[in-house]
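Peer 1: entry17.csv is reproduced in full below (CSV, C-alpha atoms).
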chain,number,residue,atom,x,y,z
A,1,MET,CA,128.9,126.4,105.0
A,2,ASP,CA,127.7,122.9,105.6
A,3,PRO,CA,128.6,121.6,109.0
A,4,LEU,CA,127.9,118.0,108.0
A,5,ALA,CA,130.5,115.6,106.8
A,6,LEU,CA,130.3,113.0,104.2
A,7,GLN,CA,130.0,110.3,106.9
A,8,HIS,CA,126.5,111.4,107.9
A,9,TYR,CA,125.1,110.8,104.4
A,10,LEU,CA,127.0,107.6,104.1
A,11,ALA,CA,125.5,106.5,107.4
A,12,VAL,CA,122.0,107.2,106.3
A,13,GLY,CA,122.6,105.4,103.1
A,14,ALA,CA,124.1,102.4,104.9
A,15,ILE,CA,121.1,102.2,107.3
A,16,LEU,CA,118.6,102.4,104.5
A,17,PHE,CA,120.5,99.6,102.6
A,18,VAL,CA,120.6,97.4,105.7
A,19,ILE,CA,116.9,97.9,106.4
A,20,GLY,CA,116.1,97.0,102.8
A,21,LEU,CA,118.3,93.9,103.1
A,22,ILE,CA,116.6,92.8,106.3
A,23,GLY,CA,113.2,93.3,104.7
A,24,PHE,CA,114.2,91.4,101.6
A,25,VAL,CA,115.2,88.4,103.7
A,26,THR,CA,112.4,88.4,106.2
A,27,ARG,CA,109.3,89.4,104.3
A,28,ARG,CA,107.5,86.7,102.3
A,29,ASN,CA,105.3,88.8,100.1
A,30,LEU,CA,106.8,89.0,96.7
A,31,ILE,CA,105.7,92.6,96.2
A,32,VAL,CA,107.1,93.8,99.5
A,33,MET,CA,110.4,92.0,98.7
A,34,PHE,CA,110.7,94.1,95.5
A,35,LEU,CA,109.9,97.2,97.5
A,36,CYS,CA,112.8,96.3,99.8
A,37,THR,CA,115.1,96.2,96.8
A,38,GLU,CA,113.9,99.7,95.9
A,39,LEU,CA,114.9,100.7,99.4
A,40,MET,CA,118.4,99.3,98.9
A,41,PHE,CA,118.6,101.2,95.6
A,42,GLN,CA,117.7,104.3,97.5
A,43,GLY,CA,120.5,103.9,100.0
A,44,VAL,CA,122.9,103.4,97.2
A,45,THR,CA,121.8,106.6,95.4
A,46,ILE,CA,122.3,108.6,98.6
A,47,ASN,CA,125.8,107.2,98.7
A,48,LEU,CA,126.4,108.1,95.1
A,49,VAL,CA,125.2,111.7,95.3
A,50,ALA,CA,127.0,112.3,98.6
A,51,PHE,CA,130.3,111.0,97.1
A,52,GLY,CA,129.9,113.1,94.0
A,53,ARG,CA,129.2,116.1,96.1
A,54,TYR,CA,131.9,115.7,98.8
A,55,LEU,CA,134.8,114.0,97.0
A,56,ASN,CA,134.9,115.6,93.5
A,57,ASN,CA,132.2,118.1,93.6
A,58,ASP,CA,131.2,117.2,90.1
A,59,LEU,CA,128.2,115.6,88.5
A,60,GLY,CA,129.4,112.1,88.2
A,61,GLY,CA,127.5,110.8,91.2
A,62,GLN,CA,124.3,112.3,90.0
A,63,ALA,CA,124.8,110.8,86.5
A,64,PHE,CA,125.2,107.4,88.1
A,65,THR,CA,122.1,108.0,90.1
A,66,ILE,CA,120.3,108.5,86.9
A,67,PHE,CA,121.5,105.1,85.7
A,68,VAL,CA,120.5,103.5,89.0
A,69,LEU,CA,117.0,105.0,88.5
A,70,VAL,CA,116.9,103.5,85.0
A,71,ILE,CA,117.8,100.1,86.3
A,72,ALA,CA,115.3,100.4,89.1
A,73,ALA,CA,112.5,101.4,86.6
A,74,ALA,CA,113.4,98.5,84.3
A,75,GLU,CA,113.6,96.1,87.2
A,76,ALA,CA,110.3,97.2,88.7
A,77,SER,CA,108.4,96.9,85.4
A,78,LEU,CA,109.7,93.4,84.6
A,79,ALA,CA,109.5,92.2,88.2
A,80,LEU,CA,106.0,93.3,88.7
A,81,GLY,CA,104.9,91.7,85.4
A,82,LEU,CA,106.5,88.5,86.6
A,83,VAL,CA,104.8,88.8,90.0
A,84,VAL,CA,101.4,89.1,88.4
A,85,LEU,CA,102.3,86.1,86.2
A,86,LEU,CA,103.3,84.1,89.3
A,87,PHE,CA,100.1,85.2,91.1
A,88,ARG,CA,98.0,83.9,88.3
A,89,GLN,CA,99.7,80.5,88.5
A,90,LYS,CA,99.4,79.8,92.2
A,91,ASN,CA,96.9,82.4,93.4
A,92,THR,CA,99.2,83.5,96.2
A,93,LEU,CA,102.0,86.0,96.6
A,94,ASP,CA,103.9,83.8,99.1
A,95,ALA,CA,107.5,83.4,98.0
A,96,ASP,CA,107.6,80.1,99.7
A,97,ALA,CA,104.9,78.8,97.3
A,98,TRP,CA,107.7,78.5,94.7
A,99,ARG,CA,109.9,76.5,96.9
A,100,GLU,CA,110.1,73.7,94.4
A,101,LEU,CA,112.1,75.7,92.0
A,102,LYS,CA,115.6,74.3,91.9
A,103,GLY,CA,118.9,76.1,91.8
B,1,MET,CA,136.6,93.8,126.5
B,2,ALA,CA,136.3,94.9,130.1
B,3,GLY,CA,134.8,98.2,129.0
B,4,PHE,CA,132.4,96.3,126.9
B,5,LEU,CA,131.2,94.2,129.8
B,6,ALA,CA,131.0,97.3,132.0
B,7,ILE,CA,128.8,99.0,129.4
B,8,PHE,CA,126.6,96.0,129.3
B,9,SER,CA,126.3,95.8,133.0
B,10,GLN,CA,125.7,99.4,133.6
B,11,GLY,CA,123.2,100.0,131.0
B,12,LEU,CA,122.9,102.0,127.9
B,13,PRO,CA,122.7,105.6,129.3
B,14,ARG,CA,125.9,105.0,131.1
B,15,ALA,CA,127.4,103.9,127.8
B,16,ILE,CA,126.3,107.1,126.2
B,17,ALA,CA,127.7,109.1,129.0
B,18,LEU,CA,131.0,107.2,128.8
B,19,ALA,CA,131.3,107.7,125.1
B,20,GLN,CA,130.4,111.3,125.2
B,21,GLY,CA,132.6,111.9,128.2
B,22,SER,CA,135.6,110.6,126.3
B,23,ALA,CA,134.6,112.4,123.1
B,24,GLY,CA,136.1,115.8,124.0
B,25,PRO,CA,139.9,115.2,123.7
B,26,VAL,CA,139.7,112.3,121.3
B,27,GLU,CA,138.8,113.2,117.8
B,28,ASN,CA,137.0,110.0,117.1
B,29,ALA,CA,133.8,110.5,119.1
B,30,LEU,CA,132.2,107.3,117.9
B,31,SER,CA,133.8,104.3,119.7
B,32,PRO,CA,133.3,100.9,118.0
B,33,VAL,CA,131.8,99.6,121.2
B,34,LEU,CA,129.1,102.2,121.2
B,35,ILE,CA,128.3,101.5,117.5
B,36,LEU,CA,128.2,97.8,118.4
B,37,VAL,CA,125.9,98.3,121.4
B,38,LEU,CA,123.5,100.5,119.4
B,39,CYS,CA,123.4,98.0,116.6
B,40,VAL,CA,122.6,95.2,118.9
B,41,VAL,CA,119.8,97.2,120.6
B,42,ALA,CA,118.4,98.3,117.2
B,43,GLY,CA,118.6,94.7,116.0
B,44,ILE,CA,116.6,93.5,119.0
B,45,GLY,CA,114.1,96.2,118.5
B,46,THR,CA,113.7,95.3,114.8
B,47,LEU,CA,113.4,91.7,115.7
B,48,MET,CA,110.5,92.4,118.0
B,49,LEU,CA,108.9,94.8,115.5
B,50,LEU,CA,108.9,92.4,112.6
B,51,PRO,CA,105.5,90.9,111.8
B,52,GLY,CA,104.9,87.6,113.5
B,53,ARG,CA,102.5,85.7,115.7
B,54,ARG,CA,103.0,87.9,118.7
B,55,GLU,CA,101.0,90.3,120.8
B,56,ASP,CA,100.8,93.9,119.8
B,57,VAL,CA,102.4,94.9,123.2
B,58,PHE,CA,105.5,93.1,122.2
B,59,ARG,CA,105.7,95.0,118.9
B,60,ASN,CA,105.2,98.3,120.7
B,61,ILE,CA,108.0,97.5,123.0
B,62,GLY,CA,110.1,96.7,119.9
B,63,ALA,CA,109.2,100.0,118.3
B,64,VAL,CA,110.1,101.9,121.5
B,65,VAL,CA,113.5,100.1,121.7
B,66,LEU,CA,114.3,100.8,118.0
B,67,LEU,CA,113.2,104.4,118.3
B,68,ALA,CA,115.4,104.9,121.4
B,69,ALA,CA,118.4,103.4,119.7
B,70,GLY,CA,117.9,105.6,116.6
B,71,LEU,CA,117.5,108.7,118.8
B,72,ILE,CA,120.6,107.9,120.8
B,73,PHE,CA,122.6,107.3,117.6
B,74,ALA,CA,121.4,110.7,116.3
B,75,ALA,CA,122.4,112.4,119.5
B,76,VAL,CA,125.8,110.8,119.4
B,77,LEU,CA,126.2,111.9,115.8
B,78,ILE,CA,125.3,115.5,116.7
B,79,HIS,CA,127.8,115.4,119.4
B,80,TYR,CA,130.3,114.0,116.9
B,81,VAL,CA,129.7,117.0,114.6
B,82,GLY,CA,130.1,119.3,117.5
B,83,SER,CA,133.3,117.7,118.7
B,84,GLN,CA,135.0,118.2,115.3
B,85,GLY,CA,134.9,121.9,115.7
B,86,ARG,CA,132.3,122.4,113.0
B,87,GLY,CA,129.6,123.7,115.2
B,88,GLY,CA,126.0,124.1,114.4
B,89,MET,CA,123.9,121.5,112.8
B,90,SER,CA,121.7,121.3,109.8
B,91,ILE,CA,118.3,120.6,111.2
B,92,TYR,CA,117.0,119.7,107.8
B,93,PHE,CA,119.4,116.9,107.5
B,94,TRP,CA,118.4,115.3,110.8
B,95,LEU,CA,114.7,115.8,110.0
B,96,PHE,CA,114.9,114.3,106.5
B,97,SER,CA,117.1,111.4,107.6
B,98,ILE,CA,115.0,110.5,110.5
B,99,ILE,CA,111.8,110.6,108.4
B,100,SER,CA,113.5,108.5,105.7
B,101,ILE,CA,114.7,105.8,108.2
B,102,VAL,CA,111.5,105.6,110.1
B,103,GLY,CA,109.6,105.3,106.8
B,104,ALA,CA,112.0,102.5,105.7
B,105,VAL,CA,111.5,100.7,109.0
B,106,ARG,CA,107.7,100.9,108.6
B,107,VAL,CA,108.1,99.5,105.1
B,108,ILE,CA,109.6,96.3,106.3
B,109,THR,CA,107.5,96.0,109.5
B,110,HIS,CA,104.0,96.9,108.4
B,111,ARG,CA,101.8,93.9,107.8
B,112,ARG,CA,99.7,95.3,104.9
B,113,PRO,CA,101.5,95.8,101.6
B,114,VAL,CA,99.6,98.9,100.6
B,115,TYR,CA,100.8,100.7,103.7
B,116,SER,CA,104.3,99.5,103.0
B,117,ALA,CA,104.1,101.1,99.6
B,118,LEU,CA,102.8,104.3,101.1
B,119,TYR,CA,105.5,104.4,103.7
B,120,PHE,CA,108.0,103.9,100.9
B,121,VAL,CA,106.6,107.0,99.3
B,122,LEU,CA,107.3,108.9,102.5
B,123,SER,CA,110.9,107.5,102.6
B,124,VAL,CA,111.4,108.6,99.0
B,125,LEU,CA,110.2,112.1,99.7
B,126,ALA,CA,112.6,112.4,102.6
B,127,THR,CA,115.4,111.2,100.5
B,128,ALA,CA,114.6,113.8,97.9
B,129,GLY,CA,115.0,116.3,100.6
B,130,LEU,CA,118.4,114.9,101.4
B,131,PHE,CA,119.3,115.3,97.7
B,132,ILE,CA,118.3,118.9,97.8
B,133,LEU,CA,120.6,119.4,100.7
B,134,LEU,CA,123.3,117.9,98.5
B,135,TRP,CA,122.6,120.5,95.8
B,136,ALA,CA,121.2,117.8,93.5
B,137,GLU,CA,117.9,119.4,92.7
B,138,PHE,CA,117.4,117.6,89.5
B,139,MET,CA,118.0,114.2,91.1
B,140,ALA,CA,115.4,115.1,93.8
B,141,ALA,CA,112.8,115.9,91.2
B,142,ALA,CA,113.6,112.8,89.2
B,143,LEU,CA,113.4,110.7,92.4
B,144,VAL,CA,110.0,112.1,93.2
B,145,ILE,CA,108.7,111.8,89.7
B,146,ILE,CA,110.1,108.3,88.9
B,147,TYR,CA,109.9,106.6,92.3
B,148,ALA,CA,106.9,108.3,94.0
B,149,GLY,CA,105.1,109.0,90.8
B,150,ALA,CA,105.7,106.1,88.4
B,151,ILE,CA,107.1,103.1,90.1
B,152,LEU,CA,105.0,103.4,93.2
B,153,VAL,CA,101.8,103.7,91.2
B,154,THR,CA,102.7,100.5,89.5
B,155,TYR,CA,103.4,98.8,92.8
B,156,VAL,CA,100.1,99.9,94.2
B,157,PHE,CA,98.2,98.7,91.2
B,158,VAL,CA,99.9,95.3,91.3
B,159,ILE,CA,99.2,95.1,95.1
B,160,MET,CA,95.5,95.7,94.4
B,161,LEU,CA,95.4,93.4,91.5
B,162,ALA,CA,97.2,90.5,93.2
B,163,THR,CA,95.9,90.6,96.7
B,164,HIS,CA,92.8,88.8,97.5
B,165,SER,CA,90.9,89.1,100.8
B,166,ALA,CA,91.4,87.0,103.8
B,167,ALA,CA,92.2,83.3,103.4
B,168,PRO,CA,89.2,81.1,104.0
B,169,GLY,CA,90.5,79.6,107.2
B,170,GLU,CA,91.3,83.0,108.7
B,171,LYS,CA,88.8,84.4,111.2
B,172,GLU,CA,87.5,87.8,110.5
B,173,GLY,CA,87.5,90.6,113.0
B,174,SER,CA,90.5,89.3,114.9
B,175,GLU,CA,93.8,91.1,114.9
B,176,MET,CA,95.0,88.9,112.0
B,177,GLY,CA,91.7,89.3,110.2
B,178,GLY,CA,92.0,90.2,106.5
B,179,LEU,CA,95.7,89.4,106.4
B,180,ASN,CA,97.3,86.7,104.5
B,181,GLU,CA,99.5,84.3,106.3
B,182,TYR,CA,102.6,85.3,104.3
B,183,ASP,CA,102.1,88.9,105.3
B,184,ALA,CA,101.5,88.3,108.9
B,185,VAL,CA,104.5,86.0,109.7
B,186,SER,CA,108.0,86.8,108.7
B,187,ARG,CA,110.6,84.4,107.6
B,188,GLU,CA,113.8,83.8,109.7
B,189,PRO,CA,113.6,87.1,111.6
B,190,LEU,CA,116.3,86.3,114.1
B,191,PHE,CA,118.9,85.2,111.4
B,192,ALA,CA,118.1,88.2,109.2
B,193,CYS,CA,118.3,90.7,112.0
B,194,ALA,CA,121.6,89.3,113.3
B,195,THR,CA,123.2,89.3,109.9
B,196,GLY,CA,121.8,92.7,108.8
B,197,PHE,CA,122.7,94.5,111.9
B,198,THR,CA,126.1,93.0,112.0
B,199,LEU,CA,126.5,94.4,108.5
B,200,MET,CA,125.2,97.7,109.6
B,201,GLY,CA,127.7,97.8,112.6
B,202,VAL,CA,130.6,97.0,110.3
B,203,LEU,CA,129.5,99.6,107.8
B,204,LEU,CA,129.1,102.3,110.4
B,205,PHE,CA,132.4,101.4,112.0
B,206,VAL,CA,134.2,101.6,108.7
B,207,ILE,CA,132.5,104.9,107.8
B,208,PHE,CA,133.2,106.6,111.0
B,209,ASP,CA,136.5,105.0,112.0
B,210,ARG,CA,138.5,104.7,108.8
B,211,ALA,CA,137.6,108.2,107.7
B,212,PRO,CA,140.3,110.8,108.3
B,213,ALA,CA,139.6,113.2,111.1
B,214,GLY,CA,137.3,115.8,109.6
B,215,GLY,CA,137.5,113.8,106.5
B,216,GLY,CA,135.0,114.3,103.8
B,217,ALA,CA,134.3,117.8,104.8
B,218,VAL,CA,134.3,120.0,101.8
B,219,SER,CA,136.5,123.0,102.1
B,220,ALA,CA,134.8,126.3,102.5
B,221,ALA,CA,135.9,127.6,99.1
B,222,VAL,CA,134.4,124.6,97.3
B,223,MET,CA,131.3,124.5,99.5
B,224,SER,CA,130.5,128.2,99.1
B,225,HIS,CA,129.3,127.6,95.5
B,226,PRO,CA,127.1,124.7,94.5
B,227,VAL,CA,127.9,122.2,91.8
B,228,SER,CA,126.3,124.2,89.2
B,229,SER,CA,124.8,127.5,90.2
B,230,PRO,CA,121.9,128.5,87.9
B,231,GLY,CA,120.9,125.6,85.8
B,232,SER,CA,121.5,122.2,87.4
B,233,VAL,CA,119.5,120.5,84.8
B,234,GLN,CA,121.5,122.0,82.0
B,235,ALA,CA,124.8,121.1,83.6
B,236,ILE,CA,123.7,117.5,84.1
B,237,GLY,CA,122.6,117.3,80.5
B,238,GLU,CA,125.9,118.6,79.3
B,239,TYR,CA,127.7,116.2,81.6
B,240,LEU,CA,125.7,113.3,80.4
B,241,PHE,CA,126.1,114.0,76.7
B,242,ASN,CA,129.7,114.9,76.9
B,243,ASN,CA,131.1,112.4,79.4
B,244,GLN,CA,128.6,109.6,79.6
B,245,LEU,CA,127.3,109.3,76.1
B,246,VAL,CA,127.6,105.6,75.6
B,247,ASN,CA,126.2,104.9,79.1
B,248,LEU,CA,123.3,107.1,78.3
B,249,GLU,CA,122.5,105.3,75.1
B,250,LEU,CA,122.9,102.0,76.9
B,251,ALA,CA,120.4,103.2,79.5
B,252,GLY,CA,117.9,104.0,76.8
B,253,LEU,CA,118.5,100.6,75.3
B,254,ILE,CA,117.9,98.9,78.6
B,255,LEU,CA,114.7,100.8,79.0
B,256,THR,CA,113.5,99.7,75.6
B,257,ILE,CA,114.4,96.1,76.2
B,258,ALA,CA,112.6,96.2,79.6
B,259,MET,CA,109.5,97.7,77.9
B,260,VAL,CA,109.5,95.0,75.2
B,261,GLY,CA,110.0,92.3,77.9
B,262,ALA,CA,107.2,93.7,80.1
B,263,ILE,CA,104.9,93.8,77.1
B,264,LEU,CA,105.8,90.2,76.2
B,265,ILE,CA,105.1,89.0,79.8
B,266,ALA,CA,101.8,90.9,80.0
B,267,ARG,CA,100.7,89.6,76.6
B,268,ARG,CA,101.3,86.0,77.4
B,269,ARG,CA,99.3,86.5,80.6
B,270,VAL,CA,96.3,88.0,78.8
B,271,VAL,CA,96.2,85.2,76.1
B,272,GLY,CA,96.4,82.6,78.8
B,273,GLY,CA,93.6,84.3,80.8
B,274,VAL,CA,91.3,84.4,77.8
B,275,GLU,CA,91.9,80.8,76.9
B,276,THR,CA,91.1,79.6,80.4
B,277,SER,CA,88.2,81.9,81.0
B,278,GLU,CA,84.9,80.3,81.9
B,279,THR,CA,82.9,82.0,79.1
B,280,PRO,CA,84.3,80.4,76.0
B,281,GLU,CA,81.4,81.5,73.8
B,282,VAL,CA,82.5,85.1,74.0
B,283,THR,CA,84.4,86.1,70.9
B,284,LEU,CA,86.0,89.4,70.3
B,285,GLY,CA,84.9,90.0,66.7
B,286,PRO,CA,82.5,92.7,65.6
B,287,ALA,CA,79.1,91.3,64.7
B,288,THR,CA,77.2,92.7,61.7
B,289,PRO,CA,74.0,94.6,62.0
B,290,VAL,CA,71.0,92.7,60.7
B,291,ASP,CA,69.1,95.6,59.4
B,292,ASP,CA,68.9,99.4,59.4
B,293,ASN,CA,66.9,99.6,62.6
B,294,PRO,CA,69.1,101.6,65.1
B,295,HIS,CA,67.7,99.4,67.9
B,296,SER,CA,69.3,96.4,66.3
B,297,ILE,CA,73.0,97.4,66.8
B,298,PRO,CA,74.6,94.2,67.9
B,299,VAL,CA,76.6,93.7,71.0
B,300,TYR,CA,80.3,93.3,70.5
B,301,GLY,CA,81.7,90.0,71.8
B,302,THR,CA,78.8,87.7,70.8
B,303,ASP,CA,78.1,85.7,67.7
B,304,ASN,CA,74.4,86.1,68.0
B,305,PRO,CA,73.3,88.9,65.7
B,306,ARG,CA,70.0,89.2,67.5
B,307,ALA,CA,71.7,90.3,70.7
B,308,LYS,CA,71.1,94.0,70.6
B,309,ALA,CA,72.8,96.8,72.4
B,310,TYR,CA,69.6,98.8,72.7
B,311,PRO,CA,66.7,96.3,73.1
B,312,GLU,CA,63.3,97.7,72.6
B,313,THR,CA,61.5,97.8,75.9
Step by step, read the file and then write its structure as structure tokens.

Peer 2:
Amino acid sequence: MDPLALQHYLAVGAILFVIGLIGFVTRRNLIVMFLCTELMFQGVTINLVAFGRYLNNDLGGQAFTIFVLVIAAAEASLALGLVVLLFRQKNTLDADAWRELKG
Amino acid sequence: MAGFLAIFSQGLPRAIALAQGSAGPVENALSPVLILVLCVVAGIGTLMLLPGRREDVFRNIGAVVLLAAGLIFAAVLIHYVGSQGRGGMSIYFWLFSIISIVGAVRVITHRRPVYSALYFVLSVLATAGLFILLWAEFMAAALVIIYAGAILVTYVFVIMLATHSAAPGEKEGSEMGGLNEYDAVSREPLFACATGFTLMGVLLFVIFDRAPAGGGAVSAAVMSHPVSSPGSVQAIGEYLFNNQLVNLELAGLILTIAMVGAILIARRRVVGGVETSETPEVTLGPATPVDDNPHSIPVYGTDNPRAKAYPET
């Protein structure tokens, strides 16, 4: 018998998501910014698995977590390749170095 | 509003006592005011903890404030569990969630990116523990393998590739020594903390207030048996291939496209790097040996057939 309710897991997921969001806005290192997006992904996966467990008790949440992991892996590979490319251009990881980009 | 002011004037411990005192008869133990106050305190703590040009004492105070807010929130949550008649608490849940959140906070507040990545590994491992508590063993294993194993190794490699030592103007040996300026100073910390913790307060309020009393608690009959008793992996596989077949194929397609894209990006980079390298005389073709002497095996990467790999001494 699990004494915990769904809300506890949702709270942990929300806190992780918000921490990742704050980190994404405040940090200026490109790599750490992408790490913070991974933190946000992690909060979302906790939400998905907890919903799948507590609402339907089926495997839908876990299946969607797999898809989230797929997206995270694809995003990490592409983003890190781009980060290395940008670092070769300006020799810095500062996100503010690309301030002249429009849009 | 009067209660709000009273809480502010009488300090946080009084607020906790107030909230916990009124928690008994009322089924909603988490008042919005309490959540708001805790979020404000945590926001101030995070604001002081974020990297910036301040003294370390200031950051330590921020860490203490943030830790206190988190512990008070955990205590209130434990009380909330107890007040709903579902006594007892899962010590593993609290352990894993506290480790995960502390790791996440260290990720965004540590000045050195490598340590951020390592704290992210810690956070991922704790999240895998939470998944195991939710009977999602396969997802826990996948999270550890994919995140902590694959993605984080890539991150650490890129950090080591793309980080050079201290900027020339930076003085060594000081507290900021060896740090880049963009790592040491954060951008818009006040605005980000205000927005983020407002969002957190609203989310927590919605989670704990809009939920029905005792809502989300799985009934004992459902809870007594896990999602899939013996073979969680087999059950997930059957679910994926029966119910989510198109999505699964799309996921594979996305991974393939991402791989092709990553190879394209990396390839362009390598070609550019060779073209702009400062040793243009190096070519990458095999040179031919000039005779049968084993000491005249030519060196790859040079046009000169007399450049030998094993020069006679």

Peer 1: Compare B:Leu122, B:Arg267, B:Ser90, B:Leu67 by their minimum atom-to-atom distance to chain A, counting all atoms listed in the file, and give me the closest one.

Peer 2: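 Looking only at the distances to chain A, the closest residue turns out to be B:Ser90.
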
Peer 1: What's the 8 Å shell around range 88-98 of chain A, counting all atoms listed in the file, without same-chain residues fewer than 5 positions away, as a list in words?

Peer 2: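 Using all atoms listed in the file, the neighbours found are Arg28, Asn29, Leu30, Ile31 and Val83 of chain A; Ala162, Thr163 and Tyr182 of chain B.
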
Peer 1: Go through A:Ala50, A:Leu59, A:Ala76, A:Leu10 one by one, measure the shortest atom-to-atom distance of each to Met200 in chain B using all atoms listed in the file, and give the residue with the smallest value.

Peer 2: A:Leu10

Peer 1: Would you please work out which residue, of B:Tyr119, B:Phe138, B:Ser186, B:Arg106, is nearest to chain A when using all atoms listed in the file?

Peer 2: B:Ser186

Peer 1: When you count all atoms listed in the file, which of these residues is closest to chain A: B:Ala251, B:Ile145, B:Leu118, B:Leu125?

Peer 2: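 Comparing B:Ala251, B:Ile145, B:Leu118, B:Leu125 against chain A, the winner is B:Ala251.
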
Peer 1: Mind running chain A against chain B at 7 Å and telling me each contacting residue's nearest atom pair with the distance in Å (one decimal), counting only C-alpha atoms, chain and number ascending, as CSV?

Peer 2:
residue,atom,partner,partner_atom,distance
A:Met1,CA,B:Met223,CA,6.3
A:Pro3,CA,B:Arg86,CA,5.5
A:Leu4,CA,B:Val81,CA,6.9
A:Ala5,CA,B:Ala217,CA,4.8
A:Leu6,CA,B:Gly216,CA,4.9
A:Gln7,CA,B:Ile207,CA,6.0
A:Ala11,CA,B:Leu204,CA,6.3
A:Val12,CA,B:Ser97,CA,6.6
A:Ala14,CA,B:Met200,CA,6.7
A:Ile15,CA,B:Met200,CA,6.5
A:Leu16,CA,B:Ile101,CA,6.4
A:Val18,CA,B:Gly196,CA,5.8
A:Ile19,CA,B:Val105,CA,6.6
A:Leu21,CA,B:Gly196,CA,6.8
A:Ile22,CA,B:Ala192,CA,5.6
A:Gly23,CA,B:Ile108,CA,5.0
A:Val25,CA,B:Ala192,CA,6.2
A:Thr26,CA,B:Arg187,CA,4.6
A:Arg27,CA,B:Ser186,CA,5.3
A:Arg28,CA,B:Tyr182,CA,5.5
A:Asn29,CA,B:Tyr182,CA,6.1
A:Val32,CA,B:Pro113,CA,6.3
A:Ala50,CA,B:Leu134,CA,6.7
A:Arg53,CA,B:Leu134,CA,6.6
A:Tyr54,CA,B:Val218,CA,5.8
A:Leu55,CA,B:Gly216,CA,6.8
A:Asn57,CA,B:Val227,CA,6.2
A:Asp58,CA,B:Val227,CA,6.2
A:Leu59,CA,B:Ile236,CA,6.6
A:Gln62,CA,B:Met139,CA,6.7
A:Ala63,CA,B:Leu240,CA,6.7
A:Phe67,CA,B:Ala251,CA,6.6
A:Val70,CA,B:Ala251,CA,6.5
A:Ala73,CA,B:Ile151,CA,6.7
A:Ala74,CA,B:Ala258,CA,5.3
A:Ala76,CA,B:Ile151,CA,6.9
A:Ser77,CA,B:Ala262,CA,6.3
A:Leu78,CA,B:Ala262,CA,5.2
A:Leu80,CA,B:Val158,CA,6.9
A:Gly81,CA,B:Ala262,CA,6.1
A:Leu82,CA,B:Ile265,CA,7.0
A:Val84,CA,B:Ala162,CA,6.5
A:Leu85,CA,B:Arg269,CA,6.4
A:Phe87,CA,B:Ala162,CA,6.4
A:Asp94,CA,B:Tyr182,CA,5.6

Peer 1: To one decimal place, how far is CA of Gly20 in chain A from CA of Ile46 in chain A in Å?

Peer 2: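 Computed distance, CA of Gly20 in chain A to CA of Ile46 in chain A, equals 13.8 Å.
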
Peer 1: Which value, in Å to one decimal, gives the distance between CA of Thr65 in chain A and CA of Ile91 in chain B?

Peer 2: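 According to the coordinates, CA of Thr65 in chain A and CA of Ile91 in chain B are separated by 24.9 Å.
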
Peer 1: Can you tell me how far CA of Phe51 in chain A sits from CA of Val246 in chain B, in Å to one decimal?

Peer 2: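 Result for CA of Phe51 in chain A versus CA of Val246 in chain B: 22.3 Å, one decimal.
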